[in-house]
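Colleague: Dumping the structure here so I can ask a few things about it.
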Amino acid sequence: MTWQFTLTGLLIGVLVGLTGMGGGSLMTPILVIVFGFKPTYAVGTDILHGAIFKTFGALRHRRLGTVHGHLTLWMFAGSGPMSLLGVAVASWLQHAYGDGVQSAEGYAIGAALVLGASGLVAKTFIKRGVQPSNAPFIMERKDKIRAVLLGAVFGFIVGLTSVGSGTFFGLVMVMIYPLTIAKIVGTDIFHAAALLWVAGFGHLVQGNVNLHAMAWLLLGSVPGIWVASRFTLRLPQDALRLGLAGVLALSGIKLLNVPQSSYVIAVGLGLGLAAFTGWLVVQSRRRDAQRTESPHPPDAPFEARAEPDLVDARR
């Protein structure tokens, strides 16, 4: 099984490149549910793949000057060591309870996916800490303590489940640190890349990485994001985030082995399809109304795109 991994990587890379979101959080449930990976191996493979994948975005943001270096270092002081503890706990759960889909690790991933979906929904509506200007943010002692605690808590979750390297950190930064959207995005991605390298190395040492699958995933994902990021797509970012949250929640329900989960997933997919169809109808009617009001509109530039939210993009 090789081209299937490459196709999966390509699809995720294209999704990230076009919309700026939806990468890492989808990889682990795909590896478990679609490809039948044991949860621990899915987590390790996803984390090391994400480390390489996210490094491209991290370097780009560093060059653009959208990374708050001190905040990154203080978060990493907590997340790096605690991610290794998460790796150790994942290996212990594998040996103690087995590594089947319905093992303790599988339930942990399912719970993290549901929590991550809740975080995405919250990020859609919470903009409290976003600043309009790029004024310097000098960290005080309380800011450093918060950063270390933030890194420790969510670094452990990432090391254990691979979920949340962008969702959780980005959400909390929006709420408590006075940064612009660009700085939140860049800091989150740069920190996530460093965190995933540490956790990925830990999983590699523990033997939890399928290097064959990871190589074929990268063969599709890296060209996918590289090519797709050069095109534009007019899509509502909030709607995309809510749609991704729905997919993660349904995947979590599947891994948690919720009673009658098949019916819950079917209903959820039906509601999602209905919502998407309704959105298409509304957009079509809006375009028709605009044509009626303005029979000869001025030429609009072809490239029109909302700023991609790279915090969710490569997780």
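Identifiers in the structure tokens: chain A, B, ... in order shown; residue index from 1 per chain; ligand index from 1 in order shown.
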List as a PyMOL selection string the protein and nucleic acid residues near Thr40 in chain A, meaning an atom at most 10 Å away when only C-alpha atoms are counted, but skip any in the same chain fewer than 6 places from it.
Modeller: chain A and resi 28+32+46+87+90-91+93-94+98-101+103+105-106+109+160-162+203+207-209
Colleague: What is the CA of Val67 in chain A-CA of Phe169 in chain A distance in Å, reported with one decimal?
Modeller: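 Computing the Euclidean distance for CA of Val67 in chain A and CA of Phe169 in chain A yields 13.9 Å.
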Colleague: In terms of the shortest atom-to-atom distance over only C-alpha atoms, which of A:Met214, A:Val267, A:Leu256, A:Ile184 is closest to Ala104 in chain A?
Modeller: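 Ranking A:Met214, A:Val267, A:Leu256, A:Ile184 by distance to Ala104 in chain A, first place goes to A:Leu256.
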Colleague: When you count only C-alpha atoms, which of these residues is closest to Val174 in chain A: A:Leu255, A:Ala122, A:Val281, A:Leu15?
Modeller: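 Comparing A:Leu255, A:Ala122, A:Val281, A:Leu15 against Val174 in chain A, the winner is A:Ala122.
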Colleague: Residues of range 99-188 of chain A classed as alpha helix (DSSP H) by DSSP on the backbone are to be reported as JSON, numbers by chain.
Modeller: {"A": [104, 105, 106, 107, 108, 109, 110, 111, 112, 113, 114, 115, 116, 117, 118, 119, 120, 121, 122, 123, 124, 125, 141, 142, 143, 144, 145, 146, 147, 148, 149, 150, 151, 152, 153, 154, 155, 156, 157, 158, 159, 160, 161, 167, 168, 169, 170, 171, 172, 173, 174, 175, 176, 181, 182, 183, 184, 185, 186, 187, 188]}
Colleague: Using only C-alpha atoms, can you tell me which of A:Asn210, A:Gly164, A:Ala88, A:Ala275 comes closest to Phe37 in chain A?
Modeller: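 Going through A:Asn210, A:Gly164, A:Ala88, A:Ala275 one by one, the smallest distance to Phe37 in chain A is for A:Asn210.
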Colleague: Just give me the gap between CA of Gly36 in chain A and CA of Gln4 in chain A in Å, one decimal is fine.
Modeller: 12.8 Å
Colleague: With only C-alpha atoms as the atoms that count, which of A:Gly270, A:Pro259, A:Gly155, A:Pro178 lies nearest to Gly86 in chain A?
Modeller: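 The closest residue to Gly86 in chain A is A:Gly155.
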Colleague: Find the residue from A:Gly69, A:Pro39, A:Gly44, A:Gly151 that sits nearest to Tyr97 in chain A; use only C-alpha atoms when measuring.
Modeller: A:Pro39
Colleague: Residues at most 10 Å from His49 in chain A, counting only C-alpha atoms, excluding those fewer than 2 positions away in the same chain, as a list in words?
Modeller: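 So the residues in contact are Gly9, Gly24, Met27, Val43, Gly44, Thr45, Asp46, Ile47, Ala51, Ile52, Phe53, Lys54, Leu196, Trp197, Gly200, Val209, Leu211, Ala213, Met214, Ala215, Leu217, Leu218 and Ser221 of chain A.
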Colleague: Let me see the file: selected residues, N, CA and C atoms, as a compact mmCIF listing (two decimals), in the first residue's frame.
Modeller:
# COMPACT_ATOMS: atom_id res chain seq x y z
N GLY A 9 -1.77 12.03 1.47
CA GLY A 9 -0.92 13.18 1.73
C GLY A 9 -1.18 14.31 0.76
N GLY A 24 -3.04 18.45 10.19
CA GLY A 24 -2.62 17.42 11.13
C GLY A 24 -3.72 16.73 11.88
N MET A 27 -5.02 13.65 10.10
CA MET A 27 -4.16 12.55 9.71
C MET A 27 -4.30 11.34 10.63
N VAL A 43 -0.31 7.80 15.84
CA VAL A 43 0.12 9.02 16.52
C VAL A 43 1.57 9.33 16.19
N GLY A 44 2.46 8.35 16.33
CA GLY A 44 3.88 8.59 16.07
C GLY A 44 4.15 8.98 14.63
N THR A 45 3.52 8.28 13.69
CA THR A 45 3.71 8.60 12.27
C THR A 45 3.19 9.98 11.95
N ASP A 46 2.01 10.33 12.49
CA ASP A 46 1.42 11.64 12.25
C ASP A 46 2.30 12.75 12.81
N ILE A 47 2.84 12.56 14.01
CA ILE A 47 3.63 13.61 14.64
C ILE A 47 4.91 13.87 13.86
N ALA A 51 5.94 17.24 11.87
CA ALA A 51 7.14 18.02 12.14
C ALA A 51 7.81 18.48 10.85
N ILE A 52 7.95 17.55 9.90
CA ILE A 52 8.56 17.91 8.61
C ILE A 52 7.64 18.83 7.83
N PHE A 53 6.36 18.51 7.85
CA PHE A 53 5.35 19.25 7.09
C PHE A 53 5.26 20.70 7.58
N LYS A 54 5.26 20.89 8.90
CA LYS A 54 5.08 22.22 9.47
C LYS A 54 6.34 23.07 9.41
N LEU A 196 6.68 19.33 17.65
CA LEU A 196 6.48 18.07 16.94
C LEU A 196 7.80 17.36 16.65
N TRP A 197 8.88 18.12 16.46
CA TRP A 197 10.18 17.48 16.27
C TRP A 197 10.60 16.72 17.52
N GLY A 200 8.09 13.82 17.93
CA GLY A 200 8.32 12.86 16.86
C GLY A 200 9.58 12.04 17.09
N VAL A 209 6.88 4.82 14.90
CA VAL A 209 6.76 5.52 13.62
C VAL A 209 6.89 4.53 12.48
N LEU A 211 8.01 4.47 9.17
CA LEU A 211 8.78 5.34 8.27
C LEU A 211 8.37 5.17 6.82
N ALA A 213 5.32 4.48 5.64
CA ALA A 213 4.09 5.24 5.41
C ALA A 213 4.36 6.74 5.45
N MET A 214 5.21 7.17 6.38
CA MET A 214 5.50 8.60 6.50
C MET A 214 6.16 9.14 5.23
N ALA A 215 7.08 8.37 4.66
CA ALA A 215 7.75 8.81 3.44
C ALA A 215 6.76 8.97 2.30
N LEU A 217 3.54 9.49 2.58
CA LEU A 217 2.66 10.63 2.89
C LEU A 217 3.31 11.94 2.51
N LEU A 218 4.60 12.09 2.85
CA LEU A 218 5.32 13.31 2.51
C LEU A 218 5.46 13.49 1.01
N SER A 221 2.09 15.12 0.36
CA SER A 221 1.68 16.32 1.10
C SER A 221 2.55 17.53 0.80
Colleague: In Å, with one decimal, what is the gap from CA of Met82 in chain A to CA of Leu248 in chain A?
Modeller: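 Going from CA of Met82 in chain A over to CA of Leu248 in chain A, I get 24.0 Å.
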